[in-house]
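Q: PDB, C-alpha atoms, saved as entry_18.pdb, coming up:
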```pdb
ATOM      1  CA  MET L   1       0.000   0.000   0.000
ATOM      2  CA  LEU L   2       1.083   3.591  -0.641
ATOM      3  CA  ALA L   3       0.205   6.818   1.127
ATOM      4  CA  ILE L   4       0.759  10.425   0.105
ATOM      5  CA  ARG L   5       2.493  12.974   2.304
ATOM      6  CA  PRO L   6       3.466  16.600   1.556
ATOM      7  CA  GLY L   7       6.929  17.115   0.114
ATOM      8  CA  PRO L   8       9.138  20.186  -0.289
ATOM      9  CA  LEU L   9       7.976  23.138  -2.399
ATOM     10  CA  GLY L  10       4.403  21.877  -2.664
ATOM     11  CA  THR L  11       5.314  18.467  -4.068
ATOM     12  CA  VAL L  12       3.886  15.175  -2.878
ATOM     13  CA  VAL L  13       5.810  12.058  -1.904
ATOM     14  CA  LEU L  14       4.599   8.462  -2.096
ATOM     15  CA  VAL L  15       5.468   6.475   1.022
ATOM     16  CA  ALA L  16       4.770   2.903   2.064
ATOM     17  CA  ALA L  17       1.675   2.377   4.222
ATOM     18  CA  ALA L  18       0.601  -0.730   6.119
ATOM     19  CA  PRO L  19      -2.952  -2.057   6.629
ATOM     20  CA  PRO L  20      -4.611  -0.903   9.886
ATOM     21  CA  SER L  21      -4.076  -4.323  11.490
ATOM     22  CA  TRP L  22      -0.335  -3.532  11.723
ATOM     23  CA  ARG L  23      -0.958  -0.380  13.828
ATOM     24  CA  VAL L  24       2.075   1.392  12.425
ATOM     25  CA  PRO L  25       0.911   4.979  13.208
ATOM     26  CA  GLU L  26       0.451   4.038  16.876
ATOM     27  CA  PHE L  27       3.899   2.474  16.957
ATOM     28  CA  ILE L  28       5.488   5.602  15.489
ATOM     29  CA  LEU L  29       3.724   7.771  18.066
ATOM     30  CA  SER L  30       5.249   5.614  20.810
ATOM     31  CA  LEU L  31       8.790   6.590  19.681
ATOM     32  CA  THR L  32       8.773   9.764  21.739
ATOM     33  CA  ALA L  33      12.550   9.829  22.294
ATOM     34  CA  ALA L  34      13.503   9.100  18.668
ATOM     35  CA  SER L  35      14.516  11.746  16.160
ATOM     36  CA  GLU L  36      12.273  12.592  13.222
ATOM     37  CA  SER L  37      14.642  10.839  10.803
ATOM     38  CA  THR L  38      14.588   7.680  12.946
ATOM     39  CA  ARG L  39      10.787   7.704  13.056
ATOM     40  CA  ARG L  40      10.616   8.072   9.276
ATOM     41  CA  ALA L  41      13.086   5.227   8.790
ATOM     42  CA  TYR L  42      11.252   2.914  11.223
ATOM     43  CA  ARG L  43       7.920   3.667   9.576
ATOM     44  CA  THR L  44       9.348   2.715   6.189
ATOM     45  CA  ASP L  45      11.025  -0.423   7.566
ATOM     46  CA  VAL L  46       7.896  -1.751   9.292
ATOM     47  CA  CYS L  47       5.656  -0.915   6.327
ATOM     48  CA  GLN L  48       8.026  -2.690   3.945
ATOM     49  CA  PHE L  49       7.979  -5.748   6.169
ATOM     50  CA  SER L  50       4.173  -5.710   6.372
ATOM     51  CA  GLU L  51       4.011  -5.597   2.564
ATOM     52  CA  TRP L  52       6.387  -8.574   2.293
ATOM     53  CA  ALA L  53       4.429 -10.433   4.992
ATOM     54  CA  SER L  54       1.121  -9.793   3.226
ATOM     55  CA  ARG L  55       2.474 -11.371   0.061
ATOM     56  CA  ALA L  56       3.352 -14.397   2.194
ATOM     57  CA  GLY L  57      -0.226 -14.620   3.504
ATOM     58  CA  LEU L  58       0.411 -12.954   6.878
ATOM     59  CA  ASP L  59      -2.356 -10.439   7.522
ATOM     60  CA  ALA L  60      -1.386  -9.160  10.972
ATOM     61  CA  PRO L  61       1.680  -9.073  13.266
ATOM     62  CA  SER L  62       0.165 -11.888  15.366
ATOM     63  CA  ASP L  63       0.665 -14.182  12.345
ATOM     64  CA  VAL L  64       4.437 -13.597  12.324
ATOM     65  CA  ASP L  65       6.820 -16.081  13.899
ATOM     66  CA  ARG L  66      10.577 -16.110  14.331
ATOM     67  CA  ARG L  67      11.124 -18.296  11.271
ATOM     68  CA  ARG L  68       9.334 -15.778   9.052
ATOM     69  CA  LEU L  69      11.383 -12.909  10.436
ATOM     70  CA  ARG L  70      14.665 -14.726   9.816
ATOM     71  CA  ARG L  71      13.500 -15.526   6.289
ATOM     72  CA  TYR L  72      12.792 -11.824   5.745
ATOM     73  CA  ILE L  73      16.265 -10.813   6.951
ATOM     74  CA  ALA L  74      17.760 -13.380   4.561
ATOM     75  CA  PHE L  75      15.590 -11.955   1.778
ATOM     76  CA  LEU L  76      16.964  -8.463   2.434
ATOM     77  CA  SER L  77      20.541  -9.739   2.325
ATOM     78  CA  VAL L  78      19.959 -11.531  -0.979
ATOM     79  CA  ARG L  79      18.552  -8.305  -2.442
ATOM     80  CA  GLY L  80      21.980  -6.739  -1.998
ATOM     81  CA  LEU L  81      21.273  -4.321   0.858
ATOM     82  CA  THR L  82      24.300  -3.296   2.869
ATOM     83  CA  GLN L  83      24.870  -4.971   6.195
ATOM     84  CA  ARG L  84      24.274  -1.606   7.858
ATOM     85  CA  SER L  85      20.850  -1.230   6.197
ATOM     86  CA  VAL L  86      19.791  -4.769   7.091
ATOM     87  CA  ALA L  87      20.907  -4.201  10.681
ATOM     88  CA  ARG L  88      18.780  -1.052  10.915
ATOM     89  CA  LYS L  89      15.719  -2.869   9.557
ATOM     90  CA  ALA L  90      16.240  -5.676  12.061
ATOM     91  CA  SER L  91      16.487  -3.053  14.815
ATOM     92  CA  ALA L  92      13.210  -1.488  13.654
ATOM     93  CA  LEU L  93      11.442  -4.851  13.772
ATOM     94  CA  ARG L  94      12.812  -5.618  17.248
ATOM     95  CA  ARG L  95      11.524  -2.264  18.460
ATOM     96  CA  TYR L  96       8.160  -2.767  16.735
ATOM     97  CA  PHE L  97       7.427  -6.253  18.048
ATOM     98  CA  GLY L  98       8.695  -5.318  21.504
ATOM     99  CA  TRP L  99       6.124  -2.513  21.535
ATOM    100  CA  LEU L 100       3.364  -4.920  20.400
ATOM    101  CA  VAL L 101       4.190  -7.276  23.271
ATOM    102  CA  ARG L 102       4.136  -4.458  25.826
ATOM    103  CA  ASP L 103       0.826  -3.256  24.386
ATOM    104  CA  GLY L 104      -0.670  -6.743  24.603
ATOM    105  CA  ALA L 105      -1.250  -7.087  20.848
ATOM    106  CA  VAL L 106       0.929 -10.220  20.616
ATOM    107  CA  GLU L 107       1.810 -12.682  23.351
ATOM    108  CA  VAL L 108       5.273 -13.827  22.212
ATOM    109  CA  ASP L 109       7.941 -11.556  20.735
ATOM    110  CA  PRO L 110       9.143 -13.230  17.497
ATOM    111  CA  ALA L 111      11.909 -10.615  17.070
ATOM    112  CA  LEU L 112      13.583 -11.290  20.403
ATOM    113  CA  GLY L 113      17.301 -11.630  19.662
ATOM    114  CA  LEU L 114      16.761 -11.026  15.937
ATOM    115  CA  ALA L 115      20.040  -9.921  14.361
ATOM    116  CA  ALA L 116      21.336  -9.104  10.903
ATOM    117  CA  PRO L 117      24.061 -11.314   9.403
ATOM    118  CA  ALA L 118      27.494 -10.309  10.645
ATOM    119  CA  GLY L 119      29.551  -8.273   8.251
ATOM    120  CA  SER L 120      32.882  -6.560   8.120
ATOM    121  CA  GLY L 121      31.275  -3.268   9.096
ATOM    122  CA  ARG L 122      32.424   0.188   8.140
ATOM    123  CA  LEU L 123      34.751   2.145  10.328
ATOM    124  CA  PRO L 124      33.467   5.618  11.164
ATOM    125  CA  ARG L 125      35.321   8.559   9.676
ATOM    126  CA  VAL L 126      37.686  10.200  12.136
ATOM    127  CA  LEU L 127      39.050  13.697  11.647
ATOM    128  CA  GLY L 128      42.707  14.410  12.229
ATOM    129  CA  ALA L 129      43.844  16.836  14.927
ATOM    130  CA  ALA L 130      44.863  19.456  12.358
ATOM    131  CA  GLU L 131      41.497  19.166  10.597
ATOM    132  CA  VAL L 132      39.641  19.638  13.876
ATOM    133  CA  SER L 133      41.772  22.628  14.873
ATOM    134  CA  GLU L 134      41.177  24.289  11.515
ATOM    135  CA  MET L 135      37.433  23.785  11.855
ATOM    136  CA  LEU L 136      37.099  24.959  15.455
ATOM    137  CA  GLY L 137      39.458  27.918  15.290
ATOM    138  CA  ASP L 138      41.277  29.326  18.319
ATOM    139  CA  GLY L 139      38.339  28.981  20.720
ATOM    140  CA  ALA L 140      37.824  32.730  21.095
ATOM    141  CA  VAL L 141      34.273  34.034  21.399
ATOM    142  CA  PRO L 142      33.385  35.801  18.116
ATOM    143  CA  PRO L 143      31.361  39.035  18.322
ATOM    144  CA  ASP L 144      28.923  38.015  15.584
ATOM    145  CA  PRO L 145      26.020  36.048  17.143
ATOM    146  CA  THR L 146      25.559  33.714  14.174
ATOM    147  CA  GLU L 147      29.237  32.775  14.149
ATOM    148  CA  MET L 148      29.127  32.439  17.935
ATOM    149  CA  ARG L 149      26.268  29.951  17.644
ATOM    150  CA  ASP L 150      28.058  28.052  14.863
ATOM    151  CA  ARG L 151      31.261  27.759  16.884
ATOM    152  CA  LEU L 152      29.257  26.609  19.901
ATOM    153  CA  VAL L 153      27.577  23.884  17.817
ATOM    154  CA  LEU L 154      30.942  22.590  16.595
ATOM    155  CA  GLU L 155      32.489  22.721  20.065
ATOM    156  CA  LEU L 156      29.623  20.744  21.627
ATOM    157  CA  LEU L 157      29.724  18.095  18.892
ATOM    158  CA  TYR L 158      33.472  17.548  19.222
ATOM    159  CA  GLY L 159      34.279  18.807  22.722
ATOM    160  CA  SER L 160      31.464  16.878  24.433
ATOM    161  CA  GLY L 161      30.656  14.182  21.849
ATOM    162  CA  LEU L 162      26.952  15.043  21.655
ATOM    163  CA  ARG L 163      24.605  13.382  19.200
ATOM    164  CA  VAL L 164      22.911  15.872  16.887
ATOM    165  CA  ALA L 165      19.507  15.150  18.467
ATOM    166  CA  GLU L 166      20.984  15.790  21.927
ATOM    167  CA  LEU L 167      22.495  19.058  20.739
ATOM    168  CA  CYS L 168      19.271  20.297  19.132
ATOM    169  CA  GLY L 169      17.259  19.271  22.183
ATOM    170  CA  LEU L 170      19.226  21.451  24.622
ATOM    171  CA  ASP L 171      17.117  23.966  26.531
ATOM    172  CA  ARG L 172      18.238  27.263  28.015
ATOM    173  CA  ASP L 173      17.857  26.015  31.586
ATOM    174  CA  THR L 174      20.284  23.114  31.051
ATOM    175  CA  PHE L 175      23.270  25.440  31.494
ATOM    176  CA  ARG L 176      24.239  28.017  34.088
ATOM    177  CA  SER L 177      27.230  30.344  33.828
ATOM    178  CA  GLY L 178      30.264  28.793  35.451
ATOM    179  CA  ASN L 179      29.087  25.216  34.933
ATOM    180  CA  THR L 180      31.657  22.803  33.548
ATOM    181  CA  HIS L 181      29.078  20.099  32.703
ATOM    182  CA  ILE L 182      25.818  20.090  30.792
ATOM    183  CA  GLY L 183      22.811  17.785  31.038
ATOM    184  CA  VAL L 184      21.541  16.091  27.893
ATOM    185  CA  ILE L 185      18.734  13.670  27.098
ATOM    186  CA  GLY L 186      20.128  10.698  25.182
ATOM    187  CA  LYS L 187      18.577   7.731  23.419
ATOM    188  CA  GLY L 188      15.688   6.138  25.248
ATOM    189  CA  ALA L 189      15.099   9.464  27.045
ATOM    190  CA  LYS L 190      18.037   8.679  29.356
ATOM    191  CA  PRO L 191      19.597  11.769  30.954
ATOM    192  CA  ARG L 192      23.324  12.109  31.476
ATOM    193  CA  ARG L 193      25.799  14.861  32.274
ATOM    194  CA  VAL L 194      28.833  15.409  30.095
ATOM    195  CA  PRO L 195      31.867  17.640  30.678
ATOM    196  CA  LEU L 196      32.303  20.788  28.619
ATOM    197  CA  SER L 197      35.484  21.948  26.947
ATOM    198  CA  GLU L 198      36.847  25.330  28.023
ATOM    199  CA  PRO L 199      35.822  26.997  24.731
ATOM    200  CA  SER L 200      32.317  25.532  25.131
ATOM    201  CA  VAL L 201      31.963  27.065  28.606
ATOM    202  CA  ALA L 202      32.939  30.499  27.319
ATOM    203  CA  LEU L 203      30.742  30.258  24.227
ATOM    204  CA  LEU L 204      27.750  28.973  26.201
ATOM    205  CA  ALA L 205      28.007  31.785  28.722
ATOM    206  CA  ALA L 206      28.259  34.423  26.000
ATOM    207  CA  TRP L 207      25.455  32.912  23.931
ATOM    208  CA  ARG L 208      23.044  32.328  26.787
ATOM    209  CA  ASP L 209      23.615  35.455  28.838
ATOM    210  CA  GLY L 210      24.582  37.881  26.086
ATOM    211  CA  GLY L 211      27.819  39.831  25.905
ATOM    212  CA  SER L 212      26.179  43.259  25.567
ATOM    213  CA  ASP L 213      22.802  44.958  25.204
ATOM    214  CA  GLU L 214      23.288  45.182  21.433
ATOM    215  CA  PHE L 215      24.112  41.493  21.160
ATOM    216  CA  ASP L 216      21.233  40.504  23.448
ATOM    217  CA  ALA L 217      18.715  42.405  21.333
ATOM    218  CA  GLN L 218      19.947  40.764  18.149
ATOM    219  CA  ARG L 219      19.821  37.317  19.737
ATOM    220  CA  LEU L 220      16.261  37.886  20.941
ATOM    221  CA  ARG L 221      15.188  39.028  17.467
ATOM    222  CA  GLN L 222      16.573  35.767  16.115
ATOM    223  CA  ARG L 223      14.625  33.831  18.691
ATOM    224  CA  ALA L 224      11.374  35.653  17.877
ATOM    225  CA  ASP L 225       9.669  33.874  20.811
ATOM    226  CA  ARG L 226       8.952  30.841  18.615
ATOM    227  CA  ASP L 227      10.638  28.453  21.027
ATOM    228  CA  PRO L 228      11.638  30.366  24.165
ATOM    229  CA  MET L 229      13.008  27.205  25.807
ATOM    230  CA  ALA L 230      15.452  26.350  23.002
ATOM    231  CA  LEU L 231      19.116  27.032  23.705
ATOM    232  CA  LEU L 232      20.122  27.020  20.029
ATOM    233  CA  VAL L 233      17.961  28.596  17.338
ATOM    234  CA  ASN L 234      18.257  29.235  13.612
ATOM    235  CA  LEU L 235      17.826  32.587  11.873
ATOM    236  CA  ARG L 236      14.058  32.075  11.694
ATOM    237  CA  GLY L 237      13.831  31.801  15.461
ATOM    238  CA  ASN L 238      13.053  28.066  15.425
ATOM    239  CA  ARG L 239      14.894  25.450  17.451
ATOM    240  CA  LEU L 240      18.009  24.326  15.600
ATOM    241  CA  GLY L 241      17.395  21.192  13.503
ATOM    242  CA  THR L 242      19.480  18.450  11.928
ATOM    243  CA  ARG L 243      19.650  20.210   8.570
ATOM    244  CA  ASP L 244      20.755  23.441  10.241
ATOM    245  CA  VAL L 245      23.612  21.578  11.924
ATOM    246  CA  GLN L 246      24.661  19.980   8.633
ATOM    247  CA  ARG L 247      24.680  23.386   6.932
ATOM    248  CA  ILE L 248      26.895  24.770   9.691
ATOM    249  CA  LEU L 249      29.331  21.901   9.252
ATOM    250  CA  ASP L 250      29.310  22.290   5.476
ATOM    251  CA  HIS L 251      30.327  25.915   5.945
ATOM    252  CA  TYR L 252      33.265  25.252   8.259
ATOM    253  CA  ALA L 253      34.590  21.857   7.104
ATOM    254  CA  ASP L 254      37.097  21.680   4.247
ATOM    255  CA  THR L 255      35.768  18.286   3.113
ATOM    256  CA  PRO L 256      32.233  16.812   3.266
ATOM    257  CA  THR L 257      31.733  15.800   6.902
ATOM    258  CA  HIS L 258      28.704  14.360   8.665
ATOM    259  CA  PRO L 259      27.966  15.829  12.120
ATOM    260  CA  HIS L 260      28.246  12.360  13.672
ATOM    261  CA  ALA L 261      31.879  12.239  12.515
ATOM    262  CA  LEU L 262      32.707  14.753  15.250
ATOM    263  CA  ARG L 263      31.283  12.365  17.850
ATOM    264  CA  HIS L 264      33.354   9.539  16.358
ATOM    265  CA  THR L 265      36.405  11.767  16.489
ATOM    266  CA  TYR L 266      35.700  12.750  20.104
ATOM    267  CA  ALA L 267      35.603   9.112  21.207
ATOM    268  CA  THR L 268      38.635   8.062  19.190
ATOM    269  CA  HIS L 269      40.776  10.954  20.397
ATOM    270  CA  LEU L 270      39.854  10.118  24.001
ATOM    271  CA  LEU L 271      41.004   6.523  23.518
ATOM    272  CA  ASP L 272      44.133   7.654  21.683
ATOM    273  CA  GLY L 273      44.879   9.825  24.708
ATOM    274  CA  GLY L 274      44.612   6.889  27.101
ATOM    275  CA  ALA L 275      41.010   7.172  28.338
ATOM    276  CA  ASP L 276      39.461   4.009  29.794
ATOM    277  CA  LEU L 277      36.896   2.319  27.568
ATOM    278  CA  ARG L 278      34.294   2.284  30.354
ATOM    279  CA  VAL L 279      34.721   6.027  30.836
ATOM    280  CA  VAL L 280      34.220   6.637  27.114
ATOM    281  CA  GLN L 281      31.097   4.447  27.231
ATOM    282  CA  GLU L 282      29.692   6.600  30.027
ATOM    283  CA  LEU L 283      30.546   9.841  28.248
ATOM    284  CA  LEU L 284      28.894   8.691  25.028
ATOM    285  CA  GLY L 285      25.800   7.360  26.784
ATOM    286  CA  HIS L 286      26.134   3.879  25.276
ATOM    287  CA  GLN L 287      24.031   1.239  26.975
ATOM    288  CA  ARG L 288      26.305  -1.623  25.838
ATOM    289  CA  LEU L 289      30.089  -1.684  26.006
ATOM    290  CA  ALA L 290      30.169  -3.499  22.647
ATOM    291  CA  THR L 291      28.852  -0.337  20.998
ATOM    292  CA  THR L 292      31.812   1.632  22.331
ATOM    293  CA  GLN L 293      34.351  -1.025  21.327
ATOM    294  CA  ILE L 294      34.124  -0.019  17.660
ATOM    295  CA  TYR L 295      36.303   2.949  18.608
ATOM    296  CA  THR L 296      39.090   0.694  19.838
ATOM    297  CA  ARG L 297      39.197  -0.747  16.339
ATOM    298  CA  VAL L 298      39.312   2.754  14.894
ATOM    299  CA  SER L 299      42.246   3.596  17.166
ATOM    300  CA  ARG L 300      44.120   0.465  16.070
ATOM    301  CA  GLU L 301      43.547   1.396  12.443
ATOM    302  CA  ARG L 302      44.875   4.898  13.085
ATOM    303  CA  LEU L 303      47.942   3.544  14.837
ATOM    304  CA  ARG L 304      48.589   1.251  11.880
ATOM    305  CA  GLU L 305      48.293   4.145   9.443
ATOM    306  CA  VAL L 306      50.789   6.201  11.437
ATOM    307  CA  TYR L 307      53.171   3.250  11.677
ATOM    308  CA  GLU L 308      53.055   2.537   7.959
ATOM    309  CA  SER L 309      53.552   6.157   6.999
ATOM    310  CA  ALA L 310      56.294   6.937   9.512
ATOM    311  CA  HIS L 311      58.375   3.790  10.061
ATOM    312  CA  PRO L 312      61.059   3.016   7.456
ATOM    313  CA  ARG L 313      60.518  -0.741   7.672
ATOM    314  CA  ALA L 314      56.735  -0.739   7.802
TER
END
```
What is this file in structure tokens?
A:
Amino acid sequence: MLAIRPGPLGTVVLVAAAPPSWRVPEFILSLTAASESTRRAYRTDVCQFSEWASRAGLDAPSDVDRRRLRRYIAFLSVRGLTQRSVARKASALRRYFGWLVRDGAVEVDPALGLAAPAGSGRLPRVLGAAEVSEMLGDGAVPPDPTEMRDRLVLELLYGSGLRVAELCGLDRDTFRSGNTHIGVIGKGAKPRRVPLSEPSVALLAAWRDGGSDEFDAQRLRQRADRDPMALLVNLRGNRLGTRDVQRILDHYADTPTHPHALRHTYATHLLDGGADLRVVQELLGHQRLATTQIYTRVSRERLREVYESAHPRA
């Protein structure tokens, strides 16, 4: 089934839709802590599965068993999807069926322990120290409010390893002048406190409290009372969004860089500097240590690159 939703500039977009028995809209509404992009992806993933299941004669989620789910994952792999894409779809189905069990719609969770086939995986991009320094500048507080906000965004992504959703979700009352930590709401609506870099502390104080009457007036005009709780806003006065963050990075980065690369770089540089893996796990807000261990592999790869480029007998 297909549904129509509004697209940019007055266009329309066809998206997958599931029969009412699959209760996809209710599931999406339950994802209160997920970003908009995650909700869109999960909606597509569950609707695609419901379409495949319908062709197999399964009319509702209660008809699905573990064997069918594993067959679907195998089907996705045969179609040539990347291991990363298959893993995300498996994650969506685990989340979906877990919600159905909690809601009482199905008695047994057929997706419990469902996993995508193991693959080599792709190492996250890590920026070099010189590249980071060039992007962040000298850490001084710029007088222009837009540049001040941009520098603050970059400092929080790299200096504190925030996810983009955590950054955009910051409210004004999460920071007080003189604080060296900031509270964020991570995945699963789990709060944590992360340390701030020295430039972040200075930028946050200047941005939140205003450096002068002239600056304060300009900042308030930007805010336009559209979201008075938001710490970071765009030029239209709305809370900063994912696309705003990407545009900021596009402006300051010499090469195409995804905002999440700064979080990868934060974790890798901590490990390169001797930080304990458990500490890095806590700073990143990872629930499982295995999620953090990818960065140990990144560090080993970086060490190998340095060895091969610098040692005469490498």
Q: Under the PyMOL selection byres ((chain L and resi 49) around 12), which residues of this model are included? Write them out as an MDAnalysis selection string.
A: chainID L and resid 1 16:19 22 24 42:48 50:56 58:61 64 68:73 75:76 86 89:90 92:93 96:97
Q: For the provided coordinates, the residues matched by the PyMOL selection byres ((chain L and resi 150-167) around 7) should be stated as an mmCIF file with C-alpha atoms, keeping the file's coordinate frame.
A:
```cif
data_model
loop_
_atom_site.group_PDB
_atom_site.id
_atom_site.type_symbol
_atom_site.label_atom_id
_atom_site.label_comp_id
_atom_site.auth_asym_id
_atom_site.auth_seq_id
_atom_site.Cartn_x
_atom_site.Cartn_y
_atom_site.Cartn_z
ATOM 1 C CA SER L 35 14.516 11.746 16.160
ATOM 2 C CA LEU L 136 37.099 24.959 15.455
ATOM 3 C CA THR L 146 25.559 33.714 14.174
ATOM 4 C CA GLU L 147 29.237 32.775 14.149
ATOM 5 C CA MET L 148 29.127 32.439 17.935
ATOM 6 C CA ARG L 149 26.268 29.951 17.644
ATOM 7 C CA CYS L 168 19.271 20.297 19.132
ATOM 8 C CA GLY L 169 17.259 19.271 22.183
ATOM 9 C CA LEU L 170 19.226 21.451 24.622
ATOM 10 C CA VAL L 184 21.541 16.091 27.893
ATOM 11 C CA ILE L 185 18.734 13.670 27.098
ATOM 12 C CA GLY L 186 20.128 10.698 25.182
ATOM 13 C CA VAL L 194 28.833 15.409 30.095
ATOM 14 C CA PRO L 195 31.867 17.640 30.678
ATOM 15 C CA LEU L 196 32.303 20.788 28.619
ATOM 16 C CA SER L 197 35.484 21.948 26.947
ATOM 17 C CA SER L 200 32.317 25.532 25.131
ATOM 18 C CA LEU L 203 30.742 30.258 24.227
ATOM 19 C CA LEU L 204 27.750 28.973 26.201
ATOM 20 C CA THR L 242 19.480 18.450 11.928
ATOM 21 C CA ILE L 248 26.895 24.770 9.691
ATOM 22 C CA PRO L 259 27.966 15.829 12.120
ATOM 23 C CA HIS L 260 28.246 12.360 13.672
ATOM 24 C CA LEU L 262 32.707 14.753 15.250
ATOM 25 C CA ARG L 263 31.283 12.365 17.850
ATOM 26 C CA TYR L 266 35.700 12.750 20.104
ATOM 27 C CA LEU L 284 28.894 8.691 25.028
#
```
Q: Just to confirm, what's the straight-line distance from CA of Ala129 in chain L to CA of Thr268 in chain L in Å (one decimal)?
A: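 We find that CA of Ala129 in chain L and CA of Thr268 in chain L lie 11.1 Å from each other.
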Q: Take CA of Ser30 in chain L and CA of Gln287 in chain L and report the distance between them in Å, one decimal.
A: 20.2 Å
Q: From the set L:Arg288, L:Arg304, L:Arg125, L:Arg236, which residue has the shortest atom-to-atom contact distance to Thr265 in chain L, counting all atoms listed in the file?
A: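 Of the candidates, the smallest distance to Thr265 in chain L is held by L:Arg125.
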Q: Restrict the output to range 140-190 of chain L and C-alpha atoms, then write it as an mmCIF file, in the first residue's frame.
A:
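Generated output (out_24.cif):
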```cif
data_model
loop_
_atom_site.group_PDB
_atom_site.id
_atom_site.type_symbol
_atom_site.label_atom_id
_atom_site.label_comp_id
_atom_site.auth_asym_id
_atom_site.auth_seq_id
_atom_site.Cartn_x
_atom_site.Cartn_y
_atom_site.Cartn_z
ATOM 1 C CA ALA L 140 37.824 32.730 21.095
ATOM 2 C CA VAL L 141 34.273 34.034 21.399
ATOM 3 C CA PRO L 142 33.385 35.801 18.116
ATOM 4 C CA PRO L 143 31.361 39.035 18.322
ATOM 5 C CA ASP L 144 28.923 38.015 15.584
ATOM 6 C CA PRO L 145 26.020 36.048 17.143
ATOM 7 C CA THR L 146 25.559 33.714 14.174
ATOM 8 C CA GLU L 147 29.237 32.775 14.149
ATOM 9 C CA MET L 148 29.127 32.439 17.935
ATOM 10 C CA ARG L 149 26.268 29.951 17.644
ATOM 11 C CA ASP L 150 28.058 28.052 14.863
ATOM 12 C CA ARG L 151 31.261 27.759 16.884
ATOM 13 C CA LEU L 152 29.257 26.609 19.901
ATOM 14 C CA VAL L 153 27.577 23.884 17.817
ATOM 15 C CA LEU L 154 30.942 22.590 16.595
ATOM 16 C CA GLU L 155 32.489 22.721 20.065
ATOM 17 C CA LEU L 156 29.623 20.744 21.627
ATOM 18 C CA LEU L 157 29.724 18.095 18.892
ATOM 19 C CA TYR L 158 33.472 17.548 19.222
ATOM 20 C CA GLY L 159 34.279 18.807 22.722
ATOM 21 C CA SER L 160 31.464 16.878 24.433
ATOM 22 C CA GLY L 161 30.656 14.182 21.849
ATOM 23 C CA LEU L 162 26.952 15.043 21.655
ATOM 24 C CA ARG L 163 24.605 13.382 19.200
ATOM 25 C CA VAL L 164 22.911 15.872 16.887
ATOM 26 C CA ALA L 165 19.507 15.150 18.467
ATOM 27 C CA GLU L 166 20.984 15.790 21.927
ATOM 28 C CA LEU L 167 22.495 19.058 20.739
ATOM 29 C CA CYS L 168 19.271 20.297 19.132
ATOM 30 C CA GLY L 169 17.259 19.271 22.183
ATOM 31 C CA LEU L 170 19.226 21.451 24.622
ATOM 32 C CA ASP L 171 17.117 23.966 26.531
ATOM 33 C CA ARG L 172 18.238 27.263 28.015
ATOM 34 C CA ASP L 173 17.857 26.015 31.586
ATOM 35 C CA THR L 174 20.284 23.114 31.051
ATOM 36 C CA PHE L 175 23.270 25.440 31.494
ATOM 37 C CA ARG L 176 24.239 28.017 34.088
ATOM 38 C CA SER L 177 27.230 30.344 33.828
ATOM 39 C CA GLY L 178 30.264 28.793 35.451
ATOM 40 C CA ASN L 179 29.087 25.216 34.933
ATOM 41 C CA THR L 180 31.657 22.803 33.548
ATOM 42 C CA HIS L 181 29.078 20.099 32.703
ATOM 43 C CA ILE L 182 25.818 20.090 30.792
ATOM 44 C CA GLY L 183 22.811 17.785 31.038
ATOM 45 C CA VAL L 184 21.541 16.091 27.893
ATOM 46 C CA ILE L 185 18.734 13.670 27.098
ATOM 47 C CA GLY L 186 20.128 10.698 25.182
ATOM 48 C CA LYS L 187 18.577 7.731 23.419
ATOM 49 C CA GLY L 188 15.688 6.138 25.248
ATOM 50 C CA ALA L 189 15.099 9.464 27.045
ATOM 51 C CA LYS L 190 18.037 8.679 29.356
#
```
